[in-house]
Amino acid sequence: MSKDFGRPPLADENQDRVERRLKELRDAGGVQETLRIEWRGQPIQVEVIDMPVKSLYYNPGTHRIRAQRTYDPVRDRGLDEDAFSAESQDYLHHLLRALPADPSKRDPDFDVLLESLRGFKQNDPGLITRDGILVNGNTRRAALKDLAEPSIRVGVLPSSCTWDDINRVELALQLRKDHRRDYSYINRLLAIDEQLGLGRTHADIAREFRTTTRACEQDHWVLTTLNDLVERSRADDAQLRLLDFEDHQEKLKELHRRWVKESASSQDKAELMKESRLTAIILGFSKTDVRLIEPDFTSRYLDTRLPEFVRSQVPAVATAATVAIPGLNRTVRAADPKVAEARALTDFVLRAKSVEAAGDKASLEQVAEAAKIISAVREAVEEALEPAGKDARVRKRKQAAPDRIVDACHDIDQCITDLVLSRASRSLDEEIFDEAVLKLRESLGKLAMEAARSIKEPGDGVTWLLDAARKEDGA
């Protein structure tokens, strides 16, 4: 169920105004503007009217700024207590104009919308309840208010509208790929999680949001990971917020893809890679840098480069060889202790980052110490990435030749299928095919020659290739 914020102070006045203007519209006759929306599972057309900008209210439950509300905890609590007070509405006005990743700054996209409305007026209508609550068009109303425009065009929802309806209609309108101004990444994750909490499946949500089931599953995994990071970052009164991860969308998506791939062969390696990459993401490294981090990154490159004062402050992790399963009187192998160590380092960095971002909630000494820790770990990671990058390039070179053989095998397999098909249709040009086979023989001979020079201890495959080449030479 959606939160019920009640009715705003001007609800009755707005209802009277809406009814009068709808009546005037119908009495005028002719072709009138309507807005098509999805209402309780069915498409309907709602009538569009003009309403005074100053009489409408921002929707306190809008998903557009769900994560950003935590920017000011005191004002956030005020929103829950009285969503339609002047203070609460002013806070929503501020957040709608703010940069999603840092609400202390103004969003350049908002200024683009402002100039568009200044020059071309309002192209698309918003959407309101009869109480005057904006279901769609909150940001447009903020811009029109800044421009001192007297009115805004809005569609009007049916009189039976509830807060559940407001929530569903907003999501249907706002969370589609074709929307003019997308929700921020974190707010999209929260909207999908909310739908999952209502018992909907990933497939249902994917259809609603015009995306794929796999993308919804990925978003759910990312939000679960971020919620875990937020909880792990707690240090006294300081704690990171979901919006602190707003700018890491592509890195988090890539982390999930790599985690899924690694998990197929080893869960421990997947977790090692995940924790090491999360540390780099928290420290603000680029996507290309994070991509270099493999499961052995910490043990192979980072541990020896961490300064002693950092290693001494990271809590030692005691790990058992086995873990008991409650109620079954059985034990299973415990997780790799390296995973616990990597997780401890991530937690250490998270807590330092939360203290650094705490502002007045932490003392100057605490902030200075946190900044020192972050700088030291970042420098160590930066140094570790250099040999990791060199080794990654070496691995790519080592894998290039085998990958080309595999690709050639796929082409030959396809060639077999083509031969079968051509036999049925009698369409094979045998002379050209013979010339191609001769070219294959020549290429295999060259491959055998280079393999003999490059490989000191040939395996079964290379041995077969060399024997075939020798037989060919003998023939």
# chains A, B, ... in the order shown; residues from 1 in each chain; ligands from 1
$ closest_atom_pairs --of "segment 356-462 of chain A" --to "segment 217-239 of chain A" --cutoff "12 Å" --atoms "only C-alpha atoms" --output "CSV"
residue,atom,partner,partner_atom,distance
A:Glu356,CA,A:Ala238,CA,8.8
A:Ala357,CA,A:Ala238,CA,7.9
A:Ala358,CA,A:Ala238,CA,5.5
A:Gly359,CA,A:Ala238,CA,9.0
A:Asp360,CA,A:Ala238,CA,10.0
A:Lys361,CA,A:Asp237,CA,6.8
A:Ala362,CA,A:Ala238,CA,7.4
A:Ser363,CA,A:Ala238,CA,11.1
A:Gln366,CA,A:Ala235,CA,10.8
A:Val367,CA,A:Ala238,CA,10.8
A:Ala370,CA,A:Ala235,CA,11.1
$ write_last_selection --atoms "all heavy atoms" --output "PDB file, in the first residue's frame"
ATOM      1  N   GLU A 356      33.887  11.455   6.209  1.00  0.00           N
ATOM      2  CA  GLU A 356      34.330  12.579   5.376  1.00  0.00           C
ATOM      3  C   GLU A 356      33.138  13.382   4.868  1.00  0.00           C
ATOM      4  O   GLU A 356      33.206  14.612   4.750  1.00  0.00           O
ATOM      5  CB  GLU A 356      35.146  12.055   4.193  1.00  0.00           C
ATOM      6  CG  GLU A 356      35.754  13.165   3.342  1.00  0.00           C
ATOM      7  CD  GLU A 356      36.441  12.638   2.106  1.00  0.00           C
ATOM      8  OE1 GLU A 356      35.817  11.829   1.384  1.00  0.00           O
ATOM      9  OE2 GLU A 356      37.587  13.036   1.841  1.00  0.00           O
ATOM     10  N   ALA A 357      32.028  12.673   4.544  1.00  0.00           N
ATOM     11  CA  ALA A 357      30.841  13.342   4.012  1.00  0.00           C
ATOM     12  C   ALA A 357      29.893  13.843   5.097  1.00  0.00           C
ATOM     13  O   ALA A 357      28.860  14.444   4.788  1.00  0.00           O
ATOM     14  CB  ALA A 357      30.090  12.385   3.089  1.00  0.00           C
ATOM     15  N   ALA A 358      30.227  13.610   6.371  1.00  0.00           N
ATOM     16  CA  ALA A 358      29.297  13.917   7.458  1.00  0.00           C
ATOM     17  C   ALA A 358      29.165  15.403   7.745  1.00  0.00           C
ATOM     18  O   ALA A 358      28.173  15.835   8.332  1.00  0.00           O
ATOM     19  CB  ALA A 358      29.726  13.179   8.727  1.00  0.00           C
ATOM     20  N   GLY A 359      30.170  16.192   7.357  1.00  0.00           N
ATOM     21  CA  GLY A 359      30.110  17.624   7.612  1.00  0.00           C
ATOM     22  C   GLY A 359      30.184  17.941   9.093  1.00  0.00           C
ATOM     23  O   GLY A 359      31.080  17.489   9.807  1.00  0.00           O
ATOM     24  N   ASP A 360      29.188  18.696   9.579  1.00  0.00           N
ATOM     25  CA  ASP A 360      29.200  19.157  10.978  1.00  0.00           C
ATOM     26  C   ASP A 360      28.959  18.032  11.979  1.00  0.00           C
ATOM     27  O   ASP A 360      29.166  18.206  13.182  1.00  0.00           O
ATOM     28  CB  ASP A 360      28.136  20.242  11.176  1.00  0.00           C
ATOM     29  CG  ASP A 360      28.423  21.485  10.350  1.00  0.00           C
ATOM     30  OD1 ASP A 360      29.602  21.651   9.983  1.00  0.00           O
ATOM     31  OD2 ASP A 360      27.484  22.251  10.068  1.00  0.00           O
ATOM     32  N   LYS A 361      28.503  16.878  11.522  1.00  0.00           N
ATOM     33  CA  LYS A 361      28.223  15.777  12.444  1.00  0.00           C
ATOM     34  C   LYS A 361      29.501  15.134  12.982  1.00  0.00           C
ATOM     35  O   LYS A 361      29.453  14.391  13.955  1.00  0.00           O
ATOM     36  CB  LYS A 361      27.388  14.714  11.752  1.00  0.00           C
ATOM     37  CG  LYS A 361      25.972  15.172  11.394  1.00  0.00           C
ATOM     38  CD  LYS A 361      25.207  14.063  10.717  1.00  0.00           C
ATOM     39  CE  LYS A 361      23.803  14.513  10.345  1.00  0.00           C
ATOM     40  NZ  LYS A 361      23.048  13.427   9.657  1.00  0.00           N
ATOM     41  N   ALA A 362      30.633  15.370  12.336  1.00  0.00           N
ATOM     42  CA  ALA A 362      31.910  14.804  12.779  1.00  0.00           C
ATOM     43  C   ALA A 362      32.870  15.941  13.143  1.00  0.00           C
ATOM     44  O   ALA A 362      32.775  17.048  12.610  1.00  0.00           O
ATOM     45  CB  ALA A 362      32.519  13.933  11.681  1.00  0.00           C
ATOM     46  N   SER A 363      33.784  15.641  14.049  1.00  0.00           N
ATOM     47  CA  SER A 363      34.761  16.654  14.458  1.00  0.00           C
ATOM     48  C   SER A 363      35.788  16.870  13.351  1.00  0.00           C
ATOM     49  O   SER A 363      35.929  16.038  12.443  1.00  0.00           O
ATOM     50  CB  SER A 363      35.465  16.214  15.728  1.00  0.00           C
ATOM     51  OG  SER A 363      36.265  15.057  15.477  1.00  0.00           O
ATOM     52  N   GLN A 366      38.207  13.999  13.202  1.00  0.00           N
ATOM     53  CA  GLN A 366      37.657  12.797  12.556  1.00  0.00           C
ATOM     54  C   GLN A 366      37.636  12.944  11.045  1.00  0.00           C
ATOM     55  O   GLN A 366      37.986  12.004  10.318  1.00  0.00           O
ATOM     56  CB  GLN A 366      36.239  12.528  13.072  1.00  0.00           C
ATOM     57  CG  GLN A 366      36.174  12.038  14.505  1.00  0.00           C
ATOM     58  CD  GLN A 366      34.742  11.909  14.993  1.00  0.00           C
ATOM     59  OE1 GLN A 366      33.922  12.793  14.789  1.00  0.00           O
ATOM     60  NE2 GLN A 366      34.440  10.789  15.643  1.00  0.00           N
ATOM     61  N   VAL A 367      37.232  14.110  10.572  1.00  0.00           N
ATOM     62  CA  VAL A 367      37.186  14.351   9.122  1.00  0.00           C
ATOM     63  C   VAL A 367      38.593  14.301   8.533  1.00  0.00           C
ATOM     64  O   VAL A 367      38.816  13.725   7.461  1.00  0.00           O
ATOM     65  CB  VAL A 367      36.515  15.705   8.816  1.00  0.00           C
ATOM     66  CG1 VAL A 367      36.630  16.035   7.331  1.00  0.00           C
ATOM     67  CG2 VAL A 367      35.052  15.675   9.236  1.00  0.00           C
ATOM     68  N   ALA A 370      39.723  10.693   8.407  1.00  0.00           N
ATOM     69  CA  ALA A 370      39.022   9.980   7.322  1.00  0.00           C
ATOM     70  C   ALA A 370      39.609  10.351   5.975  1.00  0.00           C
ATOM     71  O   ALA A 370      39.817   9.488   5.106  1.00  0.00           O
ATOM     72  CB  ALA A 370      37.530  10.305   7.370  1.00  0.00           C
TER      73      ALA A 370
END
$ select_by_dssp --residues "segment 175-289 of chain A" --states "alpha helix (DSSP H)" --output "ChimeraX atom specification"
/A:185-197,202-208,213-232,249-263,267-282,287-289
$ write_last_selection --atoms "C-alpha atoms" --output "mmCIF file, in the first residue's frame"
data_model
loop_
_atom_site.group_PDB
_atom_site.id
_atom_site.type_symbol
_atom_site.label_atom_id
_atom_site.label_comp_id
_atom_site.auth_asym_id
_atom_site.auth_seq_id
_atom_site.Cartn_x
_atom_site.Cartn_y
_atom_site.Cartn_z
ATOM 1 C CA TYR A 185 19.205 6.051 -11.481
ATOM 2 C CA ILE A 186 18.668 5.511 -7.742
ATOM 3 C CA ASN A 187 15.035 6.632 -7.898
ATOM 4 C CA ARG A 188 14.417 4.164 -10.699
ATOM 5 C CA LEU A 189 15.903 1.378 -8.559
ATOM 6 C CA LEU A 190 13.671 2.381 -5.655
ATOM 7 C CA ALA A 191 10.589 2.386 -7.872
ATOM 8 C CA ILE A 192 11.321 -1.134 -9.115
ATOM 9 C CA ASP A 193 11.983 -2.334 -5.555
ATOM 10 C CA GLU A 194 8.683 -0.834 -4.438
ATOM 11 C CA GLN A 195 6.861 -2.780 -7.144
ATOM 12 C CA LEU A 196 8.595 -5.991 -6.082
ATOM 13 C CA GLY A 197 7.455 -5.286 -2.532
ATOM 14 C CA HIS A 202 10.299 -9.016 -12.569
ATOM 15 C CA ALA A 203 8.556 -9.885 -15.839
ATOM 16 C CA ASP A 204 5.474 -7.785 -14.946
ATOM 17 C CA ILE A 205 7.617 -4.815 -13.933
ATOM 18 C CA ALA A 206 9.701 -5.107 -17.099
ATOM 19 C CA ARG A 207 6.587 -4.856 -19.240
ATOM 20 C CA GLU A 208 5.311 -1.876 -17.265
ATOM 21 C CA THR A 213 13.338 -8.924 -17.139
ATOM 22 C CA ARG A 214 17.115 -9.282 -17.005
ATOM 23 C CA ALA A 215 17.509 -5.514 -16.542
ATOM 24 C CA CYS A 216 14.972 -5.544 -13.673
ATOM 25 C CA GLU A 217 16.822 -8.406 -11.991
ATOM 26 C CA GLN A 218 20.068 -6.484 -12.390
ATOM 27 C CA ASP A 219 18.519 -3.338 -10.888
ATOM 28 C CA HIS A 220 17.230 -5.354 -7.921
ATOM 29 C CA TRP A 221 20.700 -6.836 -7.310
ATOM 30 C CA VAL A 222 22.322 -3.401 -7.502
ATOM 31 C CA LEU A 223 19.863 -1.844 -5.039
ATOM 32 C CA THR A 224 20.327 -4.752 -2.615
ATOM 33 C CA THR A 225 24.095 -4.237 -2.830
ATOM 34 C CA LEU A 226 23.771 -0.485 -2.289
ATOM 35 C CA ASN A 227 21.470 -0.906 0.708
ATOM 36 C CA ASP A 228 24.071 -3.269 2.165
ATOM 37 C CA LEU A 229 26.818 -0.690 1.567
ATOM 38 C CA VAL A 230 24.775 2.055 3.214
ATOM 39 C CA GLU A 231 24.259 -0.111 6.293
ATOM 40 C CA ARG A 232 27.934 -1.102 6.409
ATOM 41 C CA GLN A 249 25.378 3.555 -12.650
ATOM 42 C CA GLU A 250 27.525 2.050 -15.406
ATOM 43 C CA LYS A 251 30.153 0.734 -12.982
ATOM 44 C CA LEU A 252 27.486 -0.993 -10.882
ATOM 45 C CA LYS A 253 25.837 -2.542 -13.928
ATOM 46 C CA GLU A 254 29.186 -3.839 -15.158
ATOM 47 C CA LEU A 255 29.968 -5.156 -11.679
ATOM 48 C CA HIS A 256 26.758 -7.195 -11.733
ATOM 49 C CA ARG A 257 27.494 -8.671 -15.177
ATOM 50 C CA ARG A 258 31.000 -9.648 -14.100
ATOM 51 C CA TRP A 259 29.729 -11.043 -10.768
ATOM 52 C CA VAL A 260 27.185 -13.266 -12.518
ATOM 53 C CA LYS A 261 29.852 -14.591 -14.879
ATOM 54 C CA GLU A 262 32.354 -15.278 -12.071
ATOM 55 C CA SER A 263 29.697 -16.863 -9.826
ATOM 56 C CA GLN A 267 31.201 -17.931 -5.586
ATOM 57 C CA ASP A 268 34.259 -17.067 -3.491
ATOM 58 C CA LYS A 269 36.072 -15.535 -6.461
ATOM 59 C CA ALA A 270 32.928 -13.632 -7.407
ATOM 60 C CA GLU A 271 32.693 -12.135 -3.905
ATOM 61 C CA LEU A 272 36.403 -11.300 -3.849
ATOM 62 C CA MET A 273 36.096 -9.452 -7.137
ATOM 63 C CA LYS A 274 32.903 -7.725 -5.978
ATOM 64 C CA GLU A 275 34.391 -6.387 -2.724
ATOM 65 C CA SER A 276 37.584 -5.178 -4.421
ATOM 66 C CA ARG A 277 35.633 -3.427 -7.165
ATOM 67 C CA LEU A 278 33.264 -1.852 -4.634
ATOM 68 C CA THR A 279 36.259 -0.371 -2.821
ATOM 69 C CA ALA A 280 37.445 1.174 -6.091
ATOM 70 C CA ILE A 281 33.954 2.457 -6.919
ATOM 71 C CA ILE A 282 33.612 4.074 -3.489
ATOM 72 C CA LYS A 287 34.956 2.390 -15.162
ATOM 73 C CA THR A 288 38.048 1.432 -17.171
ATOM 74 C CA ASP A 289 40.117 1.273 -13.970
#
$ select_by_dssp --residues "segment 106-179 of chain A" --states "strand (DSSP E)" --output "list of chain:residue names"
A:Arg106, A:Gly126, A:Leu127, A:Ile128, A:Leu134, A:Val135, A:Asn136, A:Ser151, A:Ile152, A:Arg153, A:Val154, A:Gly155, A:Val156
$ residues_around --residues "Ile152 of chain A" --least-positions-apart "3" --cutoff "12 Å" --atoms "only C-alpha atoms" --output "ChimeraX atom specification"
/A:48-56,117,121-128,132,134,136-145,147-149,155
$ write_last_selection --atoms "N, CA, C and O atoms" --output "short mmCIF file (atom, residue, chain, number, x, y, z; two decimals), in the first residue's frame"
data_model
loop_
_atom_site.label_atom_id
_atom_site.label_comp_id
_atom_site.auth_asym_id
_atom_site.auth_seq_id
_atom_site.Cartn_x
_atom_site.Cartn_y
_atom_site.Cartn_z
N VAL A 48 -8.23 18.12 -20.20
CA VAL A 48 -7.14 19.03 -19.83
C VAL A 48 -7.71 20.42 -19.60
O VAL A 48 -8.48 20.95 -20.43
N ILE A 49 -7.32 21.02 -18.47
CA ILE A 49 -7.77 22.38 -18.13
C ILE A 49 -6.56 23.20 -17.70
O ILE A 49 -5.46 22.67 -17.50
N ASP A 50 -6.79 24.51 -17.53
CA ASP A 50 -5.78 25.39 -16.94
C ASP A 50 -6.03 25.51 -15.45
O ASP A 50 -7.19 25.63 -15.02
N MET A 51 -4.94 25.46 -14.66
CA MET A 51 -5.05 25.66 -13.20
C MET A 51 -3.99 26.66 -12.75
O MET A 51 -2.89 26.71 -13.32
N PRO A 52 -4.29 27.44 -11.71
CA PRO A 52 -3.27 28.37 -11.18
C PRO A 52 -2.07 27.60 -10.63
O PRO A 52 -2.24 26.64 -9.88
N VAL A 53 -0.89 28.03 -11.00
CA VAL A 53 0.33 27.38 -10.53
C VAL A 53 0.41 27.40 -9.01
O VAL A 53 0.77 26.41 -8.37
N LYS A 54 0.04 28.54 -8.43
CA LYS A 54 0.23 28.71 -6.97
C LYS A 54 -0.73 27.86 -6.14
O LYS A 54 -0.48 27.62 -4.95
N SER A 55 -1.84 27.37 -6.75
CA SER A 55 -2.82 26.62 -5.96
C SER A 55 -2.53 25.12 -5.93
O SER A 55 -3.18 24.38 -5.18
N LEU A 56 -1.58 24.66 -6.74
CA LEU A 56 -1.29 23.22 -6.82
C LEU A 56 -0.22 22.83 -5.81
O LEU A 56 0.53 23.67 -5.29
N LEU A 117 10.70 26.24 -21.37
CA LEU A 117 9.39 26.77 -21.02
C LEU A 117 9.33 28.29 -21.23
O LEU A 117 8.30 28.84 -21.61
N LYS A 121 6.96 27.92 -24.07
CA LYS A 121 5.80 27.64 -23.22
C LYS A 121 5.66 26.13 -22.98
O LYS A 121 6.56 25.36 -23.26
N GLN A 122 4.52 25.73 -22.48
CA GLN A 122 4.31 24.33 -22.07
C GLN A 122 3.79 23.51 -23.25
O GLN A 122 2.75 23.80 -23.82
N ASN A 123 4.55 22.46 -23.61
CA ASN A 123 4.13 21.60 -24.72
C ASN A 123 3.16 20.51 -24.28
O ASN A 123 2.13 20.28 -24.91
N ASP A 124 3.51 19.83 -23.19
CA ASP A 124 2.70 18.70 -22.72
C ASP A 124 2.02 19.05 -21.40
O ASP A 124 2.65 19.66 -20.53
N PRO A 125 0.77 18.63 -21.22
CA PRO A 125 0.09 18.92 -19.96
C PRO A 125 0.62 18.06 -18.83
O PRO A 125 1.13 16.96 -19.05
N GLY A 126 0.50 18.56 -17.60
CA GLY A 126 0.76 17.75 -16.42
C GLY A 126 -0.47 16.93 -16.08
O GLY A 126 -1.37 16.75 -16.92
N LEU A 127 -0.53 16.45 -14.86
CA LEU A 127 -1.67 15.63 -14.43
C LEU A 127 -1.88 15.86 -12.94
O LEU A 127 -0.91 15.80 -12.16
N ILE A 128 -3.14 16.12 -12.54
CA ILE A 128 -3.42 16.40 -11.13
C ILE A 128 -4.61 15.56 -10.65
O ILE A 128 -5.40 15.04 -11.43
N GLY A 132 -5.81 18.91 -6.32
CA GLY A 132 -4.74 19.80 -6.74
C GLY A 132 -3.35 19.25 -6.51
O GLY A 132 -2.36 20.01 -6.50
N LEU A 134 -0.14 17.29 -7.82
CA LEU A 134 0.46 16.96 -9.11
C LEU A 134 0.92 15.51 -9.13
O LEU A 134 1.77 15.11 -8.33
N ASN A 136 1.83 14.15 -12.28
CA ASN A 136 2.87 14.27 -13.30
C ASN A 136 3.01 15.76 -13.61
O ASN A 136 2.02 16.48 -13.69
N GLY A 137 4.27 16.20 -13.75
CA GLY A 137 4.50 17.62 -14.02
C GLY A 137 5.02 18.38 -12.83
O GLY A 137 5.00 19.62 -12.81
N ASN A 138 5.52 17.67 -11.80
CA ASN A 138 6.07 18.35 -10.63
C ASN A 138 7.21 19.28 -11.00
O ASN A 138 7.27 20.43 -10.55
N THR A 139 8.14 18.77 -11.83
CA THR A 139 9.30 19.59 -12.21
C THR A 139 8.87 20.76 -13.09
O THR A 139 9.41 21.86 -12.97
N ARG A 140 7.91 20.52 -13.97
CA ARG A 140 7.41 21.62 -14.81
C ARG A 140 6.77 22.71 -13.96
O ARG A 140 6.93 23.89 -14.22
N ARG A 141 6.03 22.30 -12.93
CA ARG A 141 5.42 23.29 -12.05
C ARG A 141 6.49 24.11 -11.33
O ARG A 141 6.36 25.32 -11.16
N ALA A 142 7.59 23.43 -10.92
CA ALA A 142 8.69 24.15 -10.26
C ALA A 142 9.28 25.20 -11.20
O ALA A 142 9.58 26.33 -10.79
N ALA A 143 9.46 24.83 -12.47
CA ALA A 143 10.02 25.77 -13.44
C ALA A 143 9.05 26.91 -13.72
O ALA A 143 9.45 28.08 -13.78
N LEU A 144 7.77 26.59 -13.90
CA LEU A 144 6.77 27.64 -14.15
C LEU A 144 6.65 28.58 -12.95
O LEU A 144 6.44 29.78 -13.12
N LYS A 145 6.80 28.03 -11.75
CA LYS A 145 6.77 28.87 -10.55
C LYS A 145 7.95 29.83 -10.53
O LYS A 145 7.80 31.01 -10.19
N LEU A 147 9.44 30.95 -13.08
CA LEU A 147 9.22 31.92 -14.17
C LEU A 147 8.05 32.85 -13.87
O LEU A 147 7.72 33.72 -14.70
N ALA A 148 7.39 32.65 -12.73
CA ALA A 148 6.23 33.47 -12.33
C ALA A 148 5.09 33.35 -13.33
O ALA A 148 4.33 34.31 -13.53
N GLU A 149 4.97 32.19 -13.96
CA GLU A 149 3.84 31.96 -14.86
C GLU A 149 2.57 31.75 -14.02
O GLU A 149 2.60 31.05 -13.00
N GLY A 155 -4.06 17.59 -17.05
CA GLY A 155 -5.16 16.66 -17.12
C GLY A 155 -5.69 16.40 -15.72
O GLY A 155 -4.97 16.59 -14.73
#
$ residues_around --residues "Gly61 of chain A" --least-positions-apart "3" --cutoff "10 Å" --atoms "only C-alpha atoms" --output "ChimeraX atom specification"
/A:2-5,58,64-66,79-80,83,135,163,166-167,170
$ write_last_selection --atoms "C-alpha atoms" --output "PDB file, in the first residue's frame"
ATOM      1  CA  SER A   2       1.150   3.541  -0.799  1.00  0.00           C
ATOM      2  CA  LYS A   3       1.550   6.060   2.024  1.00  0.00           C
ATOM      3  CA  ASP A   4      -1.550   8.226   2.506  1.00  0.00           C
ATOM      4  CA  PHE A   5      -0.420  11.850   2.909  1.00  0.00           C
ATOM      5  CA  TYR A  58       3.911  18.901  -5.275  1.00  0.00           C
ATOM      6  CA  ARG A  64      11.458  11.522  -8.918  1.00  0.00           C
ATOM      7  CA  ILE A  65      13.129  12.644  -5.674  1.00  0.00           C
ATOM      8  CA  ARG A  66      12.605   9.598  -3.442  1.00  0.00           C
ATOM      9  CA  LEU A  79       7.471  15.794   4.908  1.00  0.00           C
ATOM     10  CA  ASP A  80       6.197  12.653   6.586  1.00  0.00           C
ATOM     11  CA  ALA A  83       3.574  16.973   3.496  1.00  0.00           C
ATOM     12  CA  VAL A 135       0.804  13.353 -10.242  1.00  0.00           C
ATOM     13  CA  TRP A 163      -2.972   7.430  -3.190  1.00  0.00           C
ATOM     14  CA  ILE A 166      -1.496   8.295  -7.764  1.00  0.00           C
ATOM     15  CA  ASN A 167       1.472   5.969  -7.269  1.00  0.00           C
ATOM     16  CA  GLU A 170       2.951   8.238 -11.871  1.00  0.00           C
TER      17      GLU A 170
END
$ residues_around --residues "segment 376-390 of chain A" --least-positions-apart "6" --cutoff "12 Å" --atoms "only C-alpha atoms" --output "VMD selection string"
chain A and resid 276 to 286 288 to 311 314 345 to 346 348 to 350 352 to 353 369 to 370 396 to 397
$ atom_distance --atom1 "atom CA of Gln42 of chain A" --atom2 "atom CA of Gln15 of chain A"
24.4 Å
$ residues_around --residues "Asp109 of chain A" --least-positions-apart "6" --cutoff "12 Å" --atoms "only C-alpha atoms" --output "MDAnalysis selection string"
chainID A and resid 96:100 115:116 139:140 143 180:184
$ residues_around --residues "Ile412 of chain A" --least-positions-apart "6" --cutoff "12 Å" --atoms "only C-alpha atoms" --output "list of chain:residue names"
A:Ile405, A:Val406, A:Asp418, A:Leu419, A:Ala436, A:Val437, A:Leu440
$ closest_residue --among "A:Val154, A:Ala468, A:Val18, A:Ala11" --to "Val46 of chain A" --atoms "only C-alpha atoms"
A:Val154
$ closest_residue --among "A:Asn14, A:Asp247, A:Phe120, A:Leu240" --to "Val355 of chain A" --atoms "only C-alpha atoms"
A:Leu240
$ atom_distance --atom1 "atom CA of Leu198 of chain A" --atom2 "atom CA of Arg241 of chain A"
23.7 Å
$ atom_distance --atom1 "atom CA of Arg441 of chain A" --atom2 "atom CA of Cys415 of chain A"
15.6 Å
